[in-house]
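Report on the following structure.
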Amino acid sequence: MDDNVVETLAGLAAANMVLIETLHEHGVLDKRHFAHAFARALDGLAPEHRGGMVEHVLQNLRDRCMNLRGGESDAEQWLRKLVSTLK
C-alpha cells in the first residue's frame with residue numbers, strides 16, 4: 001500500500017477520536033474498551049509500520065482513550081498541517 005494512502009488513513013482514524021470522545025461523554029460507550037482494542041492493534045502491528053504514522057496514531061488513540069494526554073502528538077501535528085493546507 002502506498003505510504004501516502006497509509007498516512008491518510010491513519011489521519012482519518014485520528015480524526016475519528018472526536019467521535020469516540022463525544023459518544024463517551026454522552027454515555028453511549030466506554031472509551032476504555034477502545035483503548036484495549038488499540039493496544040491489541042499495536043501489539044500485532046506489522047514490522048514495516050513500526051515507527052511510522054500508523055504506530056503513532058494507534059499510540060495516540062490508545063492514550064487518549066485512557067485519558068493519558070500529553071503534548072501534541074505527531075498525529076495531531078500531521079492533521080493540523082493537513083487541515084492548514086486545505087484552507
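Ordered as shown in the C-alpha cells, chains take letters A, B, and onward, while each chain numbers its residues from 1 and ligands are numbered from 1 in the order shown.
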Using DSSP secondary structure from the backbone, list all alpha helix (DSSP H) positions within chain A, as a PyMOL selection string. chain A and resi 3-15+17-25+31-43+53-65+74-86
List the neighbours of Leu29 in chain A out to 8 Å using only C-alpha atoms; skip same-chain residues closer than 4 positions along the sequence, and give me the result as number ranges by chain. A: 20, 23-24
Residue nearest Leu12 in chain A among A:Trp78, A:Leu45, A:Leu86, A:Asn67 (counting only C-alpha atoms): A:Trp78
Would you pick out the contacts of range 32-43 of chain A at 9 Å or less, using only C-alpha atoms, so that residues sharing its chain but fewer than 4 positions from it are not included, and give the list as a CSV table (one decimal) with C-alpha atoms, in the first residue's frame?
```csv
chain,number,residue,atom,x,y,z
A,20,ILE,CA,-15.3,8.3,20.3
A,50,ARG,CA,6.6,0.4,13.3
A,55,GLU,CA,2.1,3.3,15.1
A,58,LEU,CA,-2.5,3.9,17.3
A,59,GLN,CA,-0.5,5.0,20.4
A,61,LEU,CA,-5.7,6.8,20.1
A,62,ARG,CA,-4.9,4.3,22.9
A,63,ASP,CA,-3.5,7.0,25.2
A,64,ARG,CA,-6.5,9.4,24.6
A,65,CYS,CA,-8.9,6.6,25.3
A,66,MET,CA,-7.1,6.1,28.6
A,67,ASN,CA,-7.1,9.9,29.3
```
